[in-house]
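Undergrad: Got coords.pdb for you, PDB, C-alpha atoms, pLDDT in the B column:
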```pdb
ATOM      1  CA  ASP A 130       5.388 -15.169  16.446  1.00 96.00           C
ATOM      2  CA  ILE A 131       8.758 -16.956  16.259  1.00 97.00           C
ATOM      3  CA  GLN A 132      11.388 -15.288  18.423  1.00 98.00           C
ATOM      4  CA  MET A 133      14.973 -15.311  17.151  1.00 98.00           C
ATOM      5  CA  THR A 134      17.568 -15.056  19.912  1.00 98.00           C
ATOM      6  CA  GLN A 135      20.965 -14.116  18.538  1.00 98.00           C
ATOM      7  CA  SER A 136      24.271 -14.174  20.424  1.00 96.00           C
ATOM      8  CA  PRO A 137      26.595 -12.611  21.174  1.00 97.00           C
ATOM      9  CA  ALA A 138      25.408  -9.013  20.773  1.00 97.00           C
ATOM     10  CA  SER A 139      28.967  -7.940  20.052  1.00 97.00           C
ATOM     11  CA  LEU A 140      32.178  -9.685  19.254  1.00 96.00           C
ATOM     12  CA  SER A 141      35.797  -8.605  18.982  1.00 97.00           C
ATOM     13  CA  ALA A 142      38.302 -10.872  17.270  1.00 97.00           C
ATOM     14  CA  SER A 143      41.731 -10.726  15.668  1.00 97.00           C
ATOM     15  CA  LEU A 144      42.499 -10.926  11.982  1.00 97.00           C
ATOM     16  CA  GLY A 145      42.788 -14.528  10.850  1.00 97.00           C
ATOM     17  CA  GLU A 146      40.672 -15.865  13.717  1.00 97.00           C
ATOM     18  CA  THR A 147      37.526 -17.946  13.363  1.00 97.00           C
ATOM     19  CA  VAL A 148      34.319 -16.560  14.866  1.00 97.00           C
ATOM     20  CA  THR A 149      30.890 -18.096  15.380  1.00 98.00           C
ATOM     21  CA  ILE A 150      27.551 -16.361  15.782  1.00 98.00           C
ATOM     22  CA  GLU A 151      24.550 -18.264  17.116  1.00 98.00           C
ATOM     23  CA  CYS A 152      20.843 -17.930  16.485  1.00 98.00           C
ATOM     24  CA  ARG A 153      18.142 -19.818  18.374  1.00 98.00           C
ATOM     25  CA  ALA A 154      14.534 -19.954  17.217  1.00 98.00           C
ATOM     26  CA  SER A 155      11.634 -20.269  19.669  1.00 98.00           C
ATOM     27  CA  GLU A 156      10.305 -23.195  17.618  1.00 98.00           C
ATOM     28  CA  ASP A 157      11.459 -25.467  14.823  1.00 98.00           C
ATOM     29  CA  ILE A 158      12.035 -23.446  11.631  1.00 98.00           C
ATOM     30  CA  TYR A 159      13.088 -26.404   9.457  1.00 98.00           C
ATOM     31  CA  SER A 160      16.283 -24.715   8.200  1.00 97.00           C
ATOM     32  CA  ASN A 161      14.304 -21.782   6.778  1.00 97.00           C
ATOM     33  CA  LEU A 162      16.974 -19.412   7.976  1.00 98.00           C
ATOM     34  CA  ALA A 163      19.080 -16.718   6.330  1.00 98.00           C
ATOM     35  CA  TRP A 164      22.086 -14.730   7.480  1.00 98.00           C
ATOM     36  CA  TYR A 165      22.771 -11.153   6.391  1.00 98.00           C
ATOM     37  CA  GLN A 166      25.786  -8.886   6.682  1.00 98.00           C
ATOM     38  CA  GLN A 167      25.327  -5.142   7.068  1.00 98.00           C
ATOM     39  CA  LYS A 168      28.417  -2.974   6.795  1.00 97.00           C
ATOM     40  CA  PRO A 169      28.279   0.504   8.392  1.00 93.00           C
ATOM     41  CA  GLY A 170      26.159   2.865   6.308  1.00 93.00           C
ATOM     42  CA  ASN A 171      25.070   0.141   3.887  1.00 97.00           C
ATOM     43  CA  SER A 172      22.002  -2.003   3.345  1.00 98.00           C
ATOM     44  CA  PRO A 173      21.972  -5.675   4.410  1.00 98.00           C
ATOM     45  CA  GLN A 174      23.434  -8.260   2.031  1.00 98.00           C
ATOM     46  CA  LEU A 175      22.529 -11.916   1.911  1.00 98.00           C
ATOM     47  CA  LEU A 176      25.271 -14.320   3.033  1.00 98.00           C
ATOM     48  CA  ILE A 177      23.531 -17.651   3.664  1.00 98.00           C
ATOM     49  CA  TYR A 178      20.075 -19.061   2.890  1.00 97.00           C
ATOM     50  CA  ASP A 179      18.371 -22.322   3.802  1.00 97.00           C
ATOM     51  CA  ALA A 180      20.686 -22.414   6.827  1.00 98.00           C
ATOM     52  CA  ASN A 181      23.771 -23.607   4.952  1.00 98.00           C
ATOM     53  CA  SER A 182      23.676 -22.464   1.296  1.00 97.00           C
ATOM     54  CA  LEU A 183      26.174 -19.786   0.329  1.00 98.00           C
ATOM     55  CA  ALA A 184      24.716 -16.864  -1.612  1.00 97.00           C
ATOM     56  CA  ASP A 185      26.256 -15.903  -4.951  1.00 95.00           C
ATOM     57  CA  GLY A 186      29.537 -14.027  -4.656  1.00 96.00           C
ATOM     58  CA  VAL A 187      29.966 -14.658  -0.922  1.00 98.00           C
ATOM     59  CA  PRO A 188      33.480 -15.786   0.072  1.00 97.00           C
ATOM     60  CA  SER A 189      33.802 -19.410   1.093  1.00 97.00           C
ATOM     61  CA  ARG A 190      35.174 -18.427   4.510  1.00 97.00           C
ATOM     62  CA  PHE A 191      31.527 -17.854   5.468  1.00 98.00           C
ATOM     63  CA  SER A 192      29.492 -20.939   6.317  1.00 98.00           C
ATOM     64  CA  GLY A 193      26.192 -21.723   7.964  1.00 98.00           C
ATOM     65  CA  SER A 194      24.970 -24.765   9.834  1.00 98.00           C
ATOM     66  CA  GLY A 195      22.230 -25.969  12.114  1.00 98.00           C
ATOM     67  CA  SER A 196      18.782 -27.456  12.161  1.00 97.00           C
ATOM     68  CA  GLY A 197      15.606 -27.390  14.192  1.00 98.00           C
ATOM     69  CA  THR A 198      15.899 -24.416  16.512  1.00 98.00           C
ATOM     70  CA  GLN A 199      19.696 -23.934  16.638  1.00 98.00           C
ATOM     71  CA  TYR A 200      21.753 -22.286  13.891  1.00 98.00           C
ATOM     72  CA  SER A 201      25.176 -20.757  13.535  1.00 98.00           C
ATOM     73  CA  LEU A 202      27.228 -18.627  11.186  1.00 98.00           C
ATOM     74  CA  LYS A 203      30.973 -19.245  11.081  1.00 98.00           C
ATOM     75  CA  ILE A 204      33.543 -16.905   9.616  1.00 98.00           C
ATOM     76  CA  ASN A 205      36.960 -18.443   9.033  1.00 97.00           C
ATOM     77  CA  SER A 206      40.169 -16.426   8.656  1.00 96.00           C
ATOM     78  CA  LEU A 207      38.613 -13.120   9.724  1.00 97.00           C
ATOM     79  CA  GLN A 208      39.428 -10.231   7.384  1.00 97.00           C
ATOM     80  CA  SER A 209      39.192  -6.488   7.988  1.00 96.00           C
ATOM     81  CA  GLU A 210      36.327  -6.212   5.482  1.00 96.00           C
ATOM     82  CA  ASP A 211      34.226  -8.514   7.702  1.00 97.00           C
ATOM     83  CA  VAL A 212      33.670  -5.676  10.173  1.00 97.00           C
ATOM     84  CA  ALA A 213      29.883  -5.414  10.123  1.00 97.00           C
ATOM     85  CA  SER A 214      26.677  -6.324  11.888  1.00 98.00           C
ATOM     86  CA  TYR A 215      25.241  -9.750  11.221  1.00 98.00           C
ATOM     87  CA  PHE A 216      21.565 -10.707  11.420  1.00 98.00           C
ATOM     88  CA  CYS A 217      19.732 -13.999  11.210  1.00 98.00           C
ATOM     89  CA  GLN A 218      16.177 -14.204   9.832  1.00 98.00           C
ATOM     90  CA  GLN A 219      13.570 -16.953   9.832  1.00 98.00           C
ATOM     91  CA  TYR A 220      11.199 -17.295   6.881  1.00 97.00           C
ATOM     92  CA  ASN A 221       9.403 -20.439   8.014  1.00 97.00           C
ATOM     93  CA  ASN A 222       6.364 -18.570   9.275  1.00 96.00           C
ATOM     94  CA  TYR A 223       4.794 -15.164   8.991  1.00 96.00           C
ATOM     95  CA  PRO A 224       5.589 -12.743  10.494  1.00 97.00           C
ATOM     96  CA  PHE A 225       9.180 -13.116   9.320  1.00 97.00           C
ATOM     97  CA  THR A 226      11.455 -12.235  12.209  1.00 98.00           C
ATOM     98  CA  PHE A 227      15.083 -11.246  12.605  1.00 98.00           C
ATOM     99  CA  GLY A 228      17.626 -11.755  15.323  1.00 98.00           C
ATOM    100  CA  SER A 229      18.736  -8.621  17.178  1.00 97.00           C
ATOM    101  CA  GLY A 230      22.130  -8.627  15.477  1.00 97.00           C
ATOM    102  CA  THR A 231      25.794  -9.173  16.275  1.00 98.00           C
ATOM    103  CA  LYS A 232      28.288  -6.370  15.859  1.00 98.00           C
ATOM    104  CA  LEU A 233      31.683  -7.720  14.825  1.00 98.00           C
ATOM    105  CA  GLU A 234      34.826  -5.685  15.368  1.00 97.00           C
ATOM    106  CA  ILE A 235      38.495  -6.334  14.838  1.00 94.00           C
ATOM    107  CA  LYS A 236      40.731  -6.397  17.919  1.00 93.00           C
TER     108      LYS A 236
ATOM    109  CA  GLU B 299      22.406  -6.378 -12.488  1.00 96.00           C
ATOM    110  CA  VAL B 300      19.562  -6.332  -9.987  1.00 97.00           C
ATOM    111  CA  GLN B 301      18.755  -2.844  -8.776  1.00 98.00           C
ATOM    112  CA  LEU B 302      16.187  -1.657  -6.264  1.00 98.00           C
ATOM    113  CA  VAL B 303      15.894   2.090  -5.790  1.00 98.00           C
ATOM    114  CA  GLU B 304      13.620   3.462  -3.076  1.00 98.00           C
ATOM    115  CA  SER B 305      12.220   6.968  -2.928  1.00 98.00           C
ATOM    116  CA  GLY B 306       9.585   8.979  -1.110  1.00 98.00           C
ATOM    117  CA  GLY B 307      11.000   9.154   2.387  1.00 97.00           C
ATOM    118  CA  GLY B 308      11.141  12.336   4.419  1.00 97.00           C
ATOM    119  CA  LEU B 309       9.910  14.160   7.503  1.00 98.00           C
ATOM    120  CA  VAL B 310       6.224  13.724   8.296  1.00 98.00           C
ATOM    121  CA  GLN B 311       4.079  14.664  11.272  1.00 98.00           C
ATOM    122  CA  PRO B 312       2.477  12.014  13.477  1.00 98.00           C
ATOM    123  CA  GLY B 313      -0.904  10.921  12.163  1.00 97.00           C
ATOM    124  CA  ARG B 314      -0.100  11.897   8.571  1.00 98.00           C
ATOM    125  CA  SER B 315       0.529   9.699   5.549  1.00 98.00           C
ATOM    126  CA  LEU B 316       3.441   8.973   3.250  1.00 98.00           C
ATOM    127  CA  LYS B 317       3.908   6.751   0.211  1.00 98.00           C
ATOM    128  CA  LEU B 318       7.191   5.055  -0.587  1.00 98.00           C
ATOM    129  CA  SER B 319       8.166   3.771  -4.021  1.00 98.00           C
ATOM    130  CA  CYS B 320      10.726   1.236  -5.197  1.00 98.00           C
ATOM    131  CA  ALA B 321      11.870   1.029  -8.814  1.00 98.00           C
ATOM    132  CA  ALA B 322      13.171  -2.416  -9.765  1.00 98.00           C
ATOM    133  CA  SER B 323      15.378  -3.407 -12.674  1.00 98.00           C
ATOM    134  CA  GLY B 324      17.671  -6.194 -13.790  1.00 97.00           C
ATOM    135  CA  PHE B 325      15.193  -9.039 -13.267  1.00 97.00           C
ATOM    136  CA  THR B 326      11.680 -10.115 -14.227  1.00 96.00           C
ATOM    137  CA  PHE B 327       9.827  -8.167 -11.543  1.00 97.00           C
ATOM    138  CA  SER B 328       6.489  -9.913 -12.030  1.00 96.00           C
ATOM    139  CA  ASN B 329       8.008 -13.304 -11.116  1.00 95.00           C
ATOM    140  CA  TYR B 330       9.069 -12.343  -7.611  1.00 96.00           C
ATOM    141  CA  TYR B 331       7.435 -11.718  -4.282  1.00 96.00           C
ATOM    142  CA  MET B 332       8.536  -8.331  -2.985  1.00 97.00           C
ATOM    143  CA  ALA B 333       8.809  -6.919   0.506  1.00 98.00           C
ATOM    144  CA  TRP B 334       9.535  -3.918   2.684  1.00 98.00           C
ATOM    145  CA  VAL B 335      11.854  -4.207   5.684  1.00 98.00           C
ATOM    146  CA  ARG B 336      12.646  -1.343   8.041  1.00 98.00           C
ATOM    147  CA  GLN B 337      15.404  -0.474  10.458  1.00 98.00           C
ATOM    148  CA  ALA B 338      14.965   2.107  13.197  1.00 96.00           C
ATOM    149  CA  PRO B 339      18.075   4.224  13.881  1.00 94.00           C
ATOM    150  CA  LYS B 340      20.821   2.114  15.440  1.00 91.00           C
ATOM    151  CA  LYS B 341      18.379  -0.794  15.776  1.00 93.00           C
ATOM    152  CA  GLY B 342      17.720  -4.165  14.168  1.00 94.00           C
ATOM    153  CA  LEU B 343      15.681  -5.190  11.179  1.00 97.00           C
ATOM    154  CA  GLU B 344      11.893  -5.525  11.137  1.00 98.00           C
ATOM    155  CA  TRP B 345       9.890  -7.081   8.301  1.00 98.00           C
ATOM    156  CA  VAL B 346       7.029  -4.746   7.343  1.00 98.00           C
ATOM    157  CA  ALA B 347       5.134  -6.236   4.401  1.00 98.00           C
ATOM    158  CA  THR B 348       5.224  -8.785   1.592  1.00 97.00           C
ATOM    159  CA  ILE B 349       3.204  -8.930  -1.628  1.00 96.00           C
ATOM    160  CA  SER B 350       2.615 -11.812  -4.008  1.00 95.00           C
ATOM    161  CA  THR B 351       3.649 -11.750  -7.650  1.00 95.00           C
ATOM    162  CA  SER B 352       0.216 -10.700  -8.868  1.00 95.00           C
ATOM    163  CA  GLY B 353      -0.490  -8.442  -5.929  1.00 96.00           C
ATOM    164  CA  SER B 354      -3.500 -10.471  -4.856  1.00 96.00           C
ATOM    165  CA  ARG B 355      -2.010 -11.535  -1.541  1.00 96.00           C
ATOM    166  CA  THR B 356      -0.379  -9.333   1.072  1.00 97.00           C
ATOM    167  CA  TYR B 357       1.155 -10.042   4.473  1.00 96.00           C
ATOM    168  CA  TYR B 358       1.845  -7.702   7.388  1.00 97.00           C
ATOM    169  CA  PRO B 359       3.004  -7.916  11.006  1.00 97.00           C
ATOM    170  CA  ASP B 360       0.563  -6.700  13.655  1.00 97.00           C
ATOM    171  CA  SER B 361       2.650  -3.555  14.210  1.00 97.00           C
ATOM    172  CA  VAL B 362       1.570  -2.076  10.847  1.00 98.00           C
ATOM    173  CA  LYS B 363      -1.535  -4.072   9.884  1.00 98.00           C
ATOM    174  CA  GLY B 364      -4.426  -1.747   9.090  1.00 97.00           C
ATOM    175  CA  ARG B 365      -2.136   1.282   8.691  1.00 98.00           C
ATOM    176  CA  PHE B 366       0.276   0.238   5.910  1.00 98.00           C
ATOM    177  CA  THR B 367      -0.614  -1.072   2.454  1.00 98.00           C
ATOM    178  CA  ILE B 368       1.844  -2.701   0.089  1.00 98.00           C
ATOM    179  CA  SER B 369       1.103  -2.701  -3.623  1.00 98.00           C
ATOM    180  CA  ARG B 370       2.874  -3.214  -6.928  1.00 98.00           C
ATOM    181  CA  ASP B 371       2.628  -2.276 -10.594  1.00 98.00           C
ATOM    182  CA  ASN B 372       4.211  -5.054 -12.631  1.00 98.00           C
ATOM    183  CA  ALA B 373       3.959  -3.032 -15.841  1.00 98.00           C
ATOM    184  CA  LYS B 374       6.171  -0.397 -14.253  1.00 98.00           C
ATOM    185  CA  SER B 375       8.351  -2.822 -12.240  1.00 98.00           C
ATOM    186  CA  SER B 376       7.500  -0.800  -9.179  1.00 98.00           C
ATOM    187  CA  LEU B 377       6.678  -1.538  -5.552  1.00 98.00           C
ATOM    188  CA  TYR B 378       4.887   0.807  -3.182  1.00 98.00           C
ATOM    189  CA  LEU B 379       4.200   1.217   0.513  1.00 98.00           C
ATOM    190  CA  GLN B 380       1.343   3.480   1.562  1.00 98.00           C
ATOM    191  CA  MET B 381       1.807   4.405   5.210  1.00 98.00           C
ATOM    192  CA  ASN B 382      -1.127   5.987   7.059  1.00 98.00           C
ATOM    193  CA  SER B 383      -1.603   7.124  10.655  1.00 98.00           C
ATOM    194  CA  LEU B 384       2.132   7.324  11.107  1.00 98.00           C
ATOM    195  CA  LYS B 385       3.599   7.101  14.602  1.00 97.00           C
ATOM    196  CA  SER B 386       6.969   8.130  15.998  1.00 97.00           C
ATOM    197  CA  GLU B 387       7.891   4.447  16.266  1.00 97.00           C
ATOM    198  CA  ASP B 388       7.606   4.159  12.475  1.00 98.00           C
ATOM    199  CA  THR B 389      10.744   6.296  12.169  1.00 98.00           C
ATOM    200  CA  ALA B 390      13.207   4.114  10.280  1.00 98.00           C
ATOM    201  CA  THR B 391      15.064   3.492   7.083  1.00 98.00           C
ATOM    202  CA  TYR B 392      12.761   1.514   4.809  1.00 98.00           C
ATOM    203  CA  TYR B 393      14.302  -1.042   2.482  1.00 98.00           C
ATOM    204  CA  CYS B 394      12.719  -2.594  -0.565  1.00 98.00           C
ATOM    205  CA  ALA B 395      13.744  -6.253  -0.828  1.00 98.00           C
ATOM    206  CA  ARG B 396      13.309  -9.012  -3.382  1.00 97.00           C
ATOM    207  CA  GLY B 397      11.718 -12.178  -2.088  1.00 92.00           C
ATOM    208  CA  GLY B 398      11.295 -15.552  -3.658  1.00 88.00           C
ATOM    209  CA  VAL B 399      10.396 -16.496  -7.195  1.00 86.00           C
ATOM    210  CA  TRP B 400       6.773 -17.725  -7.015  1.00 78.00           C
ATOM    211  CA  ASN B 401       7.433 -18.481  -3.331  1.00 81.00           C
ATOM    212  CA  ASN B 402       6.276 -16.394  -0.402  1.00 84.00           C
ATOM    213  CA  TYR B 403       8.473 -18.212   2.142  1.00 90.00           C
ATOM    214  CA  SER B 404      11.901 -17.084   1.084  1.00 92.00           C
ATOM    215  CA  TRP B 405      14.958 -15.113   2.010  1.00 96.00           C
ATOM    216  CA  PHE B 406      15.682 -11.602   0.730  1.00 97.00           C
ATOM    217  CA  ALA B 407      18.373 -11.918  -1.907  1.00 96.00           C
ATOM    218  CA  TYR B 408      18.566  -8.241  -2.876  1.00 98.00           C
ATOM    219  CA  TRP B 409      17.980  -5.018  -0.976  1.00 98.00           C
ATOM    220  CA  GLY B 410      17.737  -1.395  -2.020  1.00 98.00           C
ATOM    221  CA  GLN B 411      19.786   1.379  -0.448  1.00 98.00           C
ATOM    222  CA  GLY B 412      16.875   2.455   1.731  1.00 98.00           C
ATOM    223  CA  THR B 413      14.858   5.625   2.234  1.00 98.00           C
ATOM    224  CA  LEU B 414      14.616   7.363   5.605  1.00 98.00           C
ATOM    225  CA  VAL B 415      11.222   8.146   7.102  1.00 98.00           C
ATOM    226  CA  THR B 416      11.169  10.428  10.127  1.00 98.00           C
ATOM    227  CA  VAL B 417       7.907  10.854  11.999  1.00 98.00           C
ATOM    228  CA  SER B 418       8.076  13.909  14.216  1.00 97.00           C
ATOM    229  CA  SER B 419       6.175  17.076  14.979  1.00 95.00           C
TER     230      SER B 419
END
```
Could you take the file, read its structure, and then write that structure out as structure tokens?

TA:
Amino acid sequence: DIQMTQSPASLSASLGETVTIECRASEDIYSNLAWYQQKPGNSPQLLIYDANSLADGVPSRFSGSGSGTQYSLKINSLQSEDVASYFCQQYNNYPFTFGSGTKLEIK
Amino acid sequence: EVQLVESGGGLVQPGRSLKLSCAASGFTFSNYYMAWVRQAPKKGLEWVATISTSGSRTYYPDSVKGRFTISRDNAKSSLYLQMNSLKSEDTATYYCARGGVWNNYSWFAYWGQGTLVTVSS
């Protein structure tokens, strides 16, 4: 199985800041990576697919990058509505696996 | 508007069975792979099962293989998860999710609101 190591586990940042969340795969996943946002009490929502493609309706302050085994999600100009948990997921191989999540809070 | 509405969750004793349903609307259900993903309380996400567009192919992780069965009824735009021999570690919110169009290696673009399954005596 492909292990997805996500960091940091939690993150506190100020409004307007830029934050970056990292995800490392245990083997090459060829950019078959998605990022999801899960706000408290809600179901996950797709942010990024294919490592760097923005899902419909997602603000452009979210961006994804990476290749091979290393990927990142960047949030520019942090807003209060970005308070959430963020998860990466690889879909290169079965079983699909998720990172353990990053909880983002506002300072 | 794409909608996925799960139902069938509840409290069940260890070793018993439960069947979850997901009613889909707003898209051509028969064109998409569909999946179940679960989330234990205060924990991360775990993929549980995927089914092909026709239902002929299914995929499971080892943690549920042989106990869970995913199925679909394209005429009813519905997805199901039959869960047998339930264990306490199966306690989670179960989400129905839409996979790829004709593609089994894809992200989950839409998720339902989830249904809670609690396995306890």

Undergrad: Quick one: residues within 7 Å of Gln337 in chain B, only C-alpha atoms, excluding same-chain residues fewer than 4 positions away - as a list in words?

TA: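 Final neighbour list, sorted by chain and number: Lys341, Gly342, Leu343, Glu344, Ala390, Thr391 and Tyr392 of chain B.
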
Undergrad: What does the distance from CA of Tyr403 in chain B to CA of Tyr220 in chain A come to in Å, to one decimal?

TA: 5.5 Å

Undergrad: The PyMOL selection byres ((chain B and resi 399) around 9) - which residues does that actually catch in the file I just gave you? List them as a list in words.

TA: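 Taken over the shown coordinates, the PyMOL selection byres ((chain B and resi 399) around 9) returns Asn329, Tyr330, Tyr331, Thr351, Arg396, Gly397, Gly398, Trp400, Asn401, Asn402 and Ser404 of chain B.
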
Undergrad: Return as a count of residues only the residues belonging to chain B that are within 12 Å of chain A, counting all atoms listed in the file.

TA: 47

Undergrad: I need the output of the PyMOL selection byres ((chain A and resi 187-198) around 10) for this file as a count of residues only; which residues are they?

TA: 43

Undergrad: Enter the distance from CA of Pro169 in chain A to CA of Gly306 in chain B, in Å, rounded to one decimal.

TA: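 Calculated distance between CA of Pro169 in chain A and CA of Gly306 in chain B is 22.6 Å.
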
Undergrad: Check the smallest atom-to-atom distance from each of B:Glu299, B:Lys317, B:Ser305, B:Pro312 to Ser419 in chain B using all atoms listed in the file, then report the winner.

TA: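 Distance minimum relative to Ser419 in chain B lands on B:Pro312.
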
Undergrad: Hey, what comes out of the PyMOL selection byres ((chain B and resi 316) around 12) on this file? Could you write it as a ChimeraX atom specification?

TA: /B:305-315,317-319,365-367,378-385,388-389,413-417

Undergrad: Rounded to one decimal, what separation in Å do you get between CA of Gln132 in chain A and CA of Arg370 in chain B?

TA: 29.3 Å

Undergrad: Using all atoms of range 308-319 of chain B listed in the file and a margin of 5 Å per side, can you give the axis-aligned box centre and edge lengths in Å to one decimal, as AutoDock Vina command-line options?

TA:
```
--center_x 5.1 --center_y 9.2 --center_z 4.7 --size_x 22.0 --size_y 20.9 --size_z 27.5
```

Undergrad: Using all atoms listed in the file, find the one residue out of A:Lys232, A:Ile131, A:Gln167, A:Glu210 that sits nearest to Gly145 in chain A.

TA: A:Glu210

Undergrad: Generate a file for range 323-377 of chain B, containing C-alpha atoms, as a PDB file, in the first residue's frame.

TA:
```pdb
ATOM      1  CA  SER B 323     -29.102  12.911  -8.514  1.00  0.00           C
ATOM      2  CA  GLY B 324     -27.970  15.752 -10.732  1.00  0.00           C
ATOM      3  CA  PHE B 325     -25.708  13.676 -12.987  1.00  0.00           C
ATOM      4  CA  THR B 326     -25.759  10.579 -15.183  1.00  0.00           C
ATOM      5  CA  PHE B 327     -25.162   8.027 -12.434  1.00  0.00           C
ATOM      6  CA  SER B 328     -24.407   5.120 -14.760  1.00  0.00           C
ATOM      7  CA  ASN B 329     -21.395   6.953 -16.247  1.00  0.00           C
ATOM      8  CA  TYR B 330     -19.458   7.247 -13.007  1.00  0.00           C
ATOM      9  CA  TYR B 331     -17.481   4.996 -10.732  1.00  0.00           C
ATOM     10  CA  MET B 332     -18.812   5.340  -7.199  1.00  0.00           C
ATOM     11  CA  ALA B 333     -17.211   4.802  -3.823  1.00  0.00           C
ATOM     12  CA  TRP B 334     -17.640   4.688  -0.072  1.00  0.00           C
ATOM     13  CA  VAL B 335     -15.194   6.481   2.222  1.00  0.00           C
ATOM     14  CA  ARG B 336     -15.398   6.422   6.009  1.00  0.00           C
ATOM     15  CA  GLN B 337     -14.157   8.568   8.848  1.00  0.00           C
ATOM     16  CA  ALA B 338     -13.918   7.288  12.406  1.00  0.00           C
ATOM     17  CA  PRO B 339     -14.786   9.883  15.076  1.00  0.00           C
ATOM     18  CA  LYS B 340     -12.145  12.609  15.211  1.00  0.00           C
ATOM     19  CA  LYS B 341      -9.977  10.610  12.796  1.00  0.00           C
ATOM     20  CA  GLY B 342      -8.875  10.747   9.169  1.00  0.00           C
ATOM     21  CA  LEU B 343     -10.413   9.422   6.004  1.00  0.00           C
ATOM     22  CA  GLU B 344     -10.302   5.790   4.882  1.00  0.00           C
ATOM     23  CA  TRP B 345     -11.366   4.555   1.445  1.00  0.00           C
ATOM     24  CA  VAL B 346     -13.723   1.581   1.843  1.00  0.00           C
ATOM     25  CA  ALA B 347     -14.907   0.458  -1.594  1.00  0.00           C
ATOM     26  CA  THR B 348     -15.227   1.405  -5.254  1.00  0.00           C
ATOM     27  CA  ILE B 349     -17.533   0.006  -7.936  1.00  0.00           C
ATOM     28  CA  SER B 350     -17.328   0.269 -11.706  1.00  0.00           C
ATOM     29  CA  THR B 351     -20.013   1.885 -13.830  1.00  0.00           C
ATOM     30  CA  SER B 352     -21.698  -1.409 -14.653  1.00  0.00           C
ATOM     31  CA  GLY B 353     -21.099  -2.935 -11.255  1.00  0.00           C
ATOM     32  CA  SER B 354     -19.001  -5.744 -12.682  1.00  0.00           C
ATOM     33  CA  ARG B 355     -15.815  -4.697 -10.923  1.00  0.00           C
ATOM     34  CA  THR B 356     -15.363  -3.882  -7.253  1.00  0.00           C
ATOM     35  CA  TYR B 357     -12.354  -2.859  -5.173  1.00  0.00           C
ATOM     36  CA  TYR B 358     -11.797  -3.033  -1.417  1.00  0.00           C
ATOM     37  CA  PRO B 359      -8.974  -2.487   1.077  1.00  0.00           C
ATOM     38  CA  ASP B 360      -7.917  -5.496   3.145  1.00  0.00           C
ATOM     39  CA  SER B 361      -9.605  -4.029   6.237  1.00  0.00           C
ATOM     40  CA  VAL B 362     -13.099  -4.732   4.837  1.00  0.00           C
ATOM     41  CA  LYS B 363     -12.516  -7.293   2.070  1.00  0.00           C
ATOM     42  CA  GLY B 364     -14.746 -10.324   2.563  1.00  0.00           C
ATOM     43  CA  ARG B 365     -17.048  -8.480   4.988  1.00  0.00           C
ATOM     44  CA  PHE B 366     -18.319  -5.501   2.949  1.00  0.00           C
ATOM     45  CA  THR B 367     -19.978  -5.585  -0.470  1.00  0.00           C
ATOM     46  CA  ILE B 368     -20.545  -2.544  -2.644  1.00  0.00           C
ATOM     47  CA  SER B 369     -23.281  -2.636  -5.258  1.00  0.00           C
ATOM     48  CA  ARG B 370     -25.311  -0.273  -7.406  1.00  0.00           C
ATOM     49  CA  ASP B 371     -28.641  -0.031  -9.206  1.00  0.00           C
ATOM     50  CA  ASN B 372     -28.206   2.275 -12.185  1.00  0.00           C
ATOM     51  CA  ALA B 373     -31.938   2.270 -12.909  1.00  0.00           C
ATOM     52  CA  LYS B 374     -32.518   3.760  -9.472  1.00  0.00           C
ATOM     53  CA  SER B 375     -29.343   5.906  -9.394  1.00  0.00           C
ATOM     54  CA  SER B 376     -28.497   4.254  -6.117  1.00  0.00           C
ATOM     55  CA  LEU B 377     -25.358   2.948  -4.439  1.00  0.00           C
TER      56      LEU B 377
END
```
